[in-house]
file data-v1.txt (compact mmCIF, C-alpha atoms)
# COMPACT_ATOMS: atom_id res chain seq x y z
CA MET N 983 -12.39 199.59 57.14
CA SER N 984 -13.17 203.27 56.83
CA GLY N 985 -14.59 202.73 53.34
CA ALA N 986 -16.82 199.94 54.58
CA ARG N 987 -17.94 202.06 57.51
CA ASP N 988 -18.71 204.99 55.21
CA ARG N 989 -20.74 202.72 52.94
CA THR N 990 -22.60 201.35 55.97
CA GLU N 991 -23.38 204.84 57.25
CA MET N 992 -24.59 205.89 53.81
CA PHE N 993 -26.79 202.80 53.65
CA LEU N 994 -28.25 203.52 57.08
CA ARG N 995 -28.89 207.13 56.19
CA GLY N 996 -30.57 206.03 53.01
CA SER N 997 -32.62 203.48 54.91
CA GLU N 998 -33.67 206.05 57.47
CA SER N 999 -34.64 208.42 54.69
CA GLY N 1000 -36.60 205.65 53.02
CA LEU N 1001 -38.28 204.69 56.28
CA ALA N 1002 -39.14 208.32 56.93
CA ARG N 1003 -40.73 208.57 53.48
CA ILE N 1004 -42.72 205.40 54.10
CA ALA N 1005 -43.81 206.69 57.50
CA ARG N 1006 -44.99 209.93 55.94
CA ARG N 1007 -46.94 208.08 53.28
CA VAL N 1008 -48.56 205.83 55.88
CA ARG N 1009 -49.42 208.85 58.01
CA ARG N 1010 -50.95 210.65 55.03
CA TRP N 1011 -52.96 207.54 54.14
CA ARG N 1012 -54.22 207.19 57.70
CA GLN N 1013 -55.00 210.89 57.91
CA GLY N 1014 -56.85 210.70 54.61
CA ASP N 1015 -58.88 207.78 55.92
CA ARG N 1016 -59.59 209.75 59.07
CA THR N 1017 -60.61 212.93 57.27
CA ARG N 1018 -62.89 211.25 54.72
CA HIS N 1019 -65.54 210.74 57.38
CA ARG N 1020 -65.64 214.52 57.78
CA GLU N 1021 -66.87 215.15 54.23
CA VAL N 1022 -70.30 215.96 55.62
CA LEU N 1023 -68.82 219.08 57.24
CA PHE N 1024 -68.24 220.67 53.87
CA GLU N 1025 -71.94 220.29 53.11
CA LEU N 1026 -73.19 221.66 56.43
CA LEU N 1027 -70.71 224.37 57.44
CA PRO N 1028 -71.38 227.60 55.52
CA PRO N 1029 -68.86 228.91 53.00
CA ARG N 1030 -67.24 232.31 53.54
CA SER N 1031 -67.97 231.93 57.25
CA VAL N 1032 -66.08 232.59 60.47
CA GLY N 1033 -65.32 229.53 62.55
CA ALA N 1034 -63.25 228.10 65.36
CA GLU N 1035 -61.55 224.72 65.43
CA ILE N 1036 -60.83 223.46 68.94
CA GLY N 1037 -58.16 220.77 68.76
CA VAL N 1038 -55.94 221.35 65.75
CA HIS N 1039 -53.05 218.85 65.98
CA ARG N 1040 -51.10 219.28 62.72
CA GLY N 1041 -53.77 221.30 60.92
CA ASP N 1042 -54.92 218.81 58.29
CA LEU N 1043 -58.62 219.50 58.81
CA SER N 1044 -57.84 223.22 59.12
CA ALA N 1045 -56.26 223.24 55.67
CA ARG N 1046 -59.24 221.48 54.13
CA LEU N 1047 -61.71 223.83 55.79
CA LEU N 1048 -59.85 226.84 54.44
CA ARG N 1049 -59.58 225.39 50.97
CA ARG N 1050 -63.07 223.95 50.61
CA LEU N 1051 -65.08 226.66 52.39
CA ASP N 1052 -63.04 229.76 51.47
CA LEU N 1053 -63.39 230.94 55.06
CA GLN N 1054 -63.30 234.59 56.04
CA ARG N 1055 -61.57 233.72 59.30
CA LEU N 1056 -60.58 230.57 61.14
CA HIS N 1057 -59.55 230.54 64.79
CA LEU N 1058 -57.19 227.63 65.50
CA ILE N 1059 -57.26 226.72 69.19
CA ASP N 1060 -54.90 224.18 70.72
CA PRO N 1061 -52.49 224.28 73.68
CA TRP N 1062 -49.93 222.06 71.93
CA ARG N 1063 -49.10 221.05 75.47
CA TYR N 1064 -47.78 217.62 76.35
CA VAL N 1065 -50.03 215.77 78.81
CA ARG N 1066 -48.53 213.19 81.14
CA SER N 1067 -51.65 211.21 81.84
CA PRO N 1068 -51.78 207.42 82.13
CA ASP N 1069 -55.57 207.72 82.01
CA HIS N 1070 -55.46 208.98 78.43
CA PRO N 1071 -52.71 207.02 76.64
CA GLY N 1072 -54.16 207.63 73.18
CA LEU N 1073 -54.31 211.40 73.34
CA LEU N 1074 -52.60 213.11 70.42
CA GLN N 1075 -50.88 215.36 72.94
CA GLY N 1076 -49.92 212.64 75.40
CA GLY N 1077 -48.17 209.33 75.89
CA ARG N 1078 -46.16 207.81 73.09
CA VAL N 1079 -48.13 209.72 70.48
CA GLY N 1080 -47.32 213.15 71.91
CA ARG N 1081 -43.84 211.98 72.96
CA ASP N 1082 -42.77 215.08 74.86
CA GLN N 1083 -43.13 218.85 75.05
CA ARG N 1084 -40.39 219.42 72.48
CA ASN N 1085 -42.47 217.48 69.99
CA MET N 1086 -45.54 219.56 70.82
CA ASP N 1087 -43.50 222.73 70.32
CA ARG N 1088 -42.46 221.43 66.90
CA ARG N 1089 -46.10 220.85 66.00
CA TYR N 1090 -46.94 224.42 66.99
CA ARG N 1091 -44.09 225.81 64.88
CA GLY N 1092 -45.30 223.61 62.05
CA ILE N 1093 -48.74 225.24 62.25
CA LEU N 1094 -47.21 228.71 62.11
CA ALA N 1095 -45.19 227.72 59.05
CA ARG N 1096 -48.03 225.85 57.34
CA PHE N 1097 -50.46 228.77 57.61
CA LYS N 1098 -47.95 231.61 57.43
CA ARG N 1099 -49.64 233.26 54.45
CA GLU N 1100 -53.12 232.98 55.96
CA ILE N 1101 -51.92 234.26 59.33
CA GLU N 1102 -50.32 237.30 57.72
CA ALA N 1103 -53.53 237.95 55.79
CA GLY N 1104 -55.59 237.79 59.00
CA VAL N 1105 -57.59 234.81 57.76
CA VAL N 1106 -56.11 232.42 60.34
CA VAL N 1107 -55.74 233.39 63.98
CA VAL N 1108 -53.75 230.94 66.11
CA HIS N 1109 -54.53 230.70 69.82
CA ARG N 1110 -52.02 228.60 71.72
CA GLY N 1111 -53.99 227.62 74.79
CA THR N 1112 -57.01 225.66 75.92
CA ALA N 1113 -60.45 226.57 74.65
CA ALA N 1114 -61.16 228.37 77.92
CA GLU N 1115 -57.88 230.28 77.72
CA ALA N 1116 -58.57 231.39 74.14
CA ALA N 1117 -62.20 232.39 74.74
CA PRO N 1118 -61.56 235.96 76.02
CA ASP N 1119 -59.86 236.80 72.72
CA ILE N 1120 -62.91 235.79 70.67
CA PRO N 1121 -65.86 238.23 70.84
CA ASP N 1122 -69.31 236.95 71.71
CA ALA N 1123 -71.62 236.30 68.75
CA SER N 1124 -68.68 236.52 66.33
CA LEU N 1125 -68.59 232.90 65.10
CA ASP N 1126 -70.80 231.14 62.57
CA TRP N 1127 -69.65 227.78 63.91
CA ALA N 1128 -67.37 226.04 66.37
CA TYR N 1129 -65.92 222.57 65.83
CA ILE N 1130 -64.94 220.75 69.02
CA ASP N 1131 -62.29 218.06 68.80
CA GLY N 1132 -60.01 218.68 71.78
CA ASP N 1133 -59.96 216.85 75.10
CA HIS N 1134 -62.66 214.16 74.82
CA SER N 1135 -63.45 213.83 78.51
CA TYR N 1136 -67.03 214.68 79.45
CA GLU N 1137 -65.98 217.63 81.58
CA ALA N 1138 -63.81 219.12 78.82
CA VAL N 1139 -66.41 218.72 76.06
CA ALA N 1140 -69.17 220.12 78.27
CA ASN N 1141 -66.99 223.10 79.17
CA ASP N 1142 -66.03 223.71 75.54
CA ILE N 1143 -69.71 223.68 74.55
CA SER N 1144 -70.82 226.03 77.31
CA THR N 1145 -67.85 228.35 76.73
CA TYR N 1146 -68.33 228.65 72.97
CA ALA N 1147 -72.12 228.74 72.76
CA PRO N 1148 -72.07 232.49 73.54
CA LYS N 1149 -69.37 232.96 70.89
CA LEU N 1150 -71.81 231.83 68.20
CA ALA N 1151 -73.98 234.24 66.28
CA PRO N 1152 -77.73 233.58 66.66
CA GLY N 1153 -78.53 230.30 64.96
CA GLY N 1154 -74.86 229.33 64.78
CA LEU N 1155 -73.59 225.78 64.46
CA MET N 1156 -71.98 223.74 67.22
CA ALA N 1157 -70.21 220.70 65.82
CA GLY N 1158 -67.54 218.17 66.59
CA ASP N 1159 -65.97 214.77 66.15
CA ASP N 1160 -66.19 211.32 67.75
CA TYR N 1161 -69.87 211.10 68.65
CA GLY N 1162 -71.28 207.64 69.23
CA GLU N 1163 -69.11 205.80 71.74
CA ARG N 1164 -70.85 204.92 74.99
CA VAL N 1165 -67.87 203.36 76.73
CA GLY N 1166 -64.18 204.12 76.53
CA PRO N 1167 -62.12 207.31 76.28
CA ARG N 1168 -64.48 209.08 73.84
CA ALA N 1169 -67.73 208.32 75.67
CA GLY N 1170 -67.69 211.78 77.22
CA VAL N 1171 -68.37 213.32 73.81
CA SER N 1172 -71.67 211.48 73.42
CA GLN N 1173 -72.74 212.28 76.97
CA ALA N 1174 -72.03 216.00 76.63
CA VAL N 1175 -73.69 216.27 73.21
CA ASP N 1176 -76.78 214.33 74.33
CA GLU N 1177 -77.15 216.65 77.32
CA LEU N 1178 -76.80 219.70 75.07
CA ILE N 1179 -79.57 218.39 72.82
CA GLU N 1180 -81.82 217.79 75.80
CA SER N 1181 -81.22 221.18 77.41
CA ALA N 1182 -80.93 223.52 74.43
CA ARG N 1183 -83.15 221.71 71.93
CA PRO N 1184 -81.10 222.60 68.84
CA THR N 1185 -81.89 221.58 65.29
CA VAL N 1186 -79.96 218.37 64.67
CA LEU N 1187 -78.27 218.55 61.28
CA ARG N 1188 -76.00 215.55 61.83
CA LEU N 1189 -75.72 213.02 64.62
CA ASP N 1190 -74.19 209.91 63.13
CA PRO N 1191 -72.14 207.30 65.02
CA GLY N 1192 -71.12 205.97 61.60
CA ASP N 1193 -69.02 208.96 60.59
CA ARG N 1194 -68.84 210.21 64.22
CA GLN N 1195 -69.77 213.77 63.25
CA TRP N 1196 -72.29 215.89 65.12
CA VAL N 1197 -73.59 219.21 63.83
CA LEU N 1198 -76.28 221.14 65.73
CA ARG N 1199 -77.87 224.46 64.92
CA LEU N 1200 -78.43 226.25 68.20
CA PRO N 1201 -81.69 228.16 68.60
CA GLU N 1202 -81.59 231.89 68.09
CA GLU N 1203 -83.26 232.29 71.47
CA PRO N 1204 -82.68 229.98 74.47
CA PRO N 1205 -85.59 227.63 75.18
CA ALA N 1206 -88.08 228.92 77.72
CA GLY N 1207 -86.88 228.35 81.25
CA THR N 1208 -83.17 228.16 80.38
CA ALA N 1209 -80.94 231.10 81.14
CA ARG N 1210 -77.97 229.91 79.07
CA LEU N 1211 -76.92 227.15 76.71
CA THR N 1212 -74.79 224.58 78.47
CA ALA N 1213 -74.19 220.89 78.19
CA SER N 1214 -74.93 220.31 81.85
CA SER N 1215 -78.10 222.42 82.36

call {"tool": "encode", "arguments": {"input": "data-v1.txt", "output": "C-alpha cells"}}
result
Amino acid sequence: MSGARDRTEMFLRGSESGLARIARRVRRWRQGDRTRHREVLFELLPPRSVGAEIGVHRGDLSARLLRRLDLQRLHLIDPWRYVRSPDHPGLLQGGRVGRDQRNMDRRYRGILARFKREIEAGVVVVHRGTAAEAAPDIPDASLDWAYIDGDHSYEAVANDISTYAPKLAPGGLMAGDDYGERVGPRAGVSQAVDELIESARPTVLRLDPGDRQWVLRLPEEPPAGTARLTASS
C-alpha cells in the first residue's frame, strides 16, 4: 500500500506542478492581452523621463516601462494592502483576487525581488502606501508624468489627480487606465478625468474608450480663474 500511496502522492505533486505551470501560462497570456492595449503609452510617454505609477500590482507594466522607455527614475506606488470590501469584489487587492493580507505581502516582496537591481541603482523607488501617503516623499515639479491605475472610485481617482498634479513639472503628463465606462465599478475614472479636462483644459493626447487609456498634457500655467489643478474644481 505504501508504494501505491507514494505513487499517488508523486502523481498529485506532478499534477499540481503541471496545473501551476498552466495557471502561470494563462496568467501571462491574460496579462499580455491586458498590456497590449497600453502600447500607446510607449509612444506618448517621453523616454529617459521620471514618472510615477500609482497602482502597481505585480509590476508587469512597470517592467515594460523601464525596458521600453529607459527611464531615469520610476516611483512605484501601491499599498499592497488587502481590502475587505463587498462593494469592490473585483479589486486586485480585494475579495477572491486579493485573497488575504499574506498574499498582498507576497506581492510586495515579489516587487522588491523583481526590481532589486533597479532599486539598488536608484532607478526604481518603491513606496508602499496609498498615493496620498507616498506624496510627501515625492518633490513638487519632479515628475514628467504620473500614471493612475489604483482605486477606481471617483473619489480616489479625483484625489490622485489633485495630489499628483503639483508633482508634475510644467507641461507634464497625467495619464491612466480604464477610461470610458459610464456605469459600473470603473465609472469613477471617466467622471474624474472628464472633470479634470473641463477644469484644467489640458491638451488631450489620448482619450480612447477602445484601449481605455487617457493621456493629458497639463498646461504650464493654470487656466485663468483657477487656483489649482483638481478633478473637482

call {"tool": "closest_atom_pairs", "arguments": {"input": "data-v1.txt", "of": "stretch 1108-1180 of chain N", "to": "stretch 1080-1096 of chain N", "cutoff": "12 Å", "atoms": "only C-alpha atoms", "output": "Markdown table"}}
result
| residue | atom | partner | partner_atom | distance |
| --- | --- | --- | --- | --- |
| N:Val1108 | CA | N:Leu1094 | CA | 8.0 |
| N:His1109 | CA | N:Tyr1090 | CA | 10.2 |
| N:Arg1110 | CA | N:Tyr1090 | CA | 8.1 |
| N:Gly1111 | CA | N:Tyr1090 | CA | 11.0 |

call {"tool": "closest_residue", "arguments": {"input": "data-v1.txt", "among": "N:Pro1152, N:Ala1103, N:Leu1058, N:Arg1164", "to": "N:Pro1184", "atoms": "all atoms listed in the file"}}
result
N:Pro1152

call {"tool": "atom_distance", "arguments": {"input": "data-v1.txt", "atom1": "atom CA of N:Tyr1129", "atom2": "atom CA of N:Glu1035"}}
result
4.9 Å

call {"tool": "residues_around", "arguments": {"input": "data-v1.txt", "residues": "N:Glu1115", "least_positions_apart": "3", "cutoff": "12 Å", "atoms": "only C-alpha atoms", "output": "number ranges by chain"}}
result
N: 1036, 1059-1061, 1109-1112, 1118-1120, 1141-1142, 1145-1146

call {"tool": "atom_distance", "arguments": {"input": "data-v1.txt", "atom1": "atom CA of N:Ala1157", "atom2": "atom CA of N:Ala1128"}}
result
6.1 Å

call {"tool": "closest_residue", "arguments": {"input": "data-v1.txt", "among": "N:Leu1027, N:Val1065, N:Leu1200, N:Leu1155", "to": "N:Ser1181", "atoms": "all atoms listed in the file"}}
result
N:Leu1200

call {"tool": "atom_distance", "arguments": {"input": "data-v1.txt", "atom1": "atom CA of N:Leu1026", "atom2": "atom CA of N:Arg1194"}}
result
14.5 Å

call {"tool": "closest_residue", "arguments": {"input": "data-v1.txt", "among": "N:Lys1098, N:His1057, N:Arg1183, N:Arg1188", "to": "N:Pro1121", "atoms": "all atoms listed in the file"}}
result
N:His1057

call {"tool": "residues_around", "arguments": {"input": "data-v1.txt", "residues": "stretch 1122-1127 of chain N", "least_positions_apart": "3", "cutoff": "8 Å", "atoms": "all atoms listed in the file", "output": "PyMOL selection string"}}
result
chain N and resi 1027-1028+1031-1034+1148-1152+1154-1157

call {"tool": "residues_around", "arguments": {"input": "data-v1.txt", "residues": "N:Thr1185", "least_positions_apart": "5", "cutoff": "8 Å", "atoms": "all atoms listed in the file", "output": "JSON list (two decimals) with C-alpha atoms, in the coordinates of the input"}}
result
[["chain", "number", "residue", "atom", "x", "y", "z"],
["N", 1198, "LEU", "CA", -76.28, 221.14, 65.73],
["N", 1199, "ARG", "CA", -77.87, 224.46, 64.92],
["N", 1200, "LEU", "CA", -78.43, 226.25, 68.20],
["N", 1201, "PRO", "CA", -81.69, 228.16, 68.60]]

call {"tool": "closest_residue", "arguments": {"input": "data-v1.txt", "among": "N:Arg1030, N:His1019, N:Arg1055, N:Arg1040", "to": "N:Val1105", "atoms": "only C-alpha atoms"}}
result
N:Arg1055

call {"tool": "closest_residue", "arguments": {"input": "data-v1.txt", "among": "N:Val1175, N:Ala1116, N:Ala1147, N:Leu1056", "to": "N:Asp1160", "atoms": "all atoms listed in the file"}}
result
N:Val1175
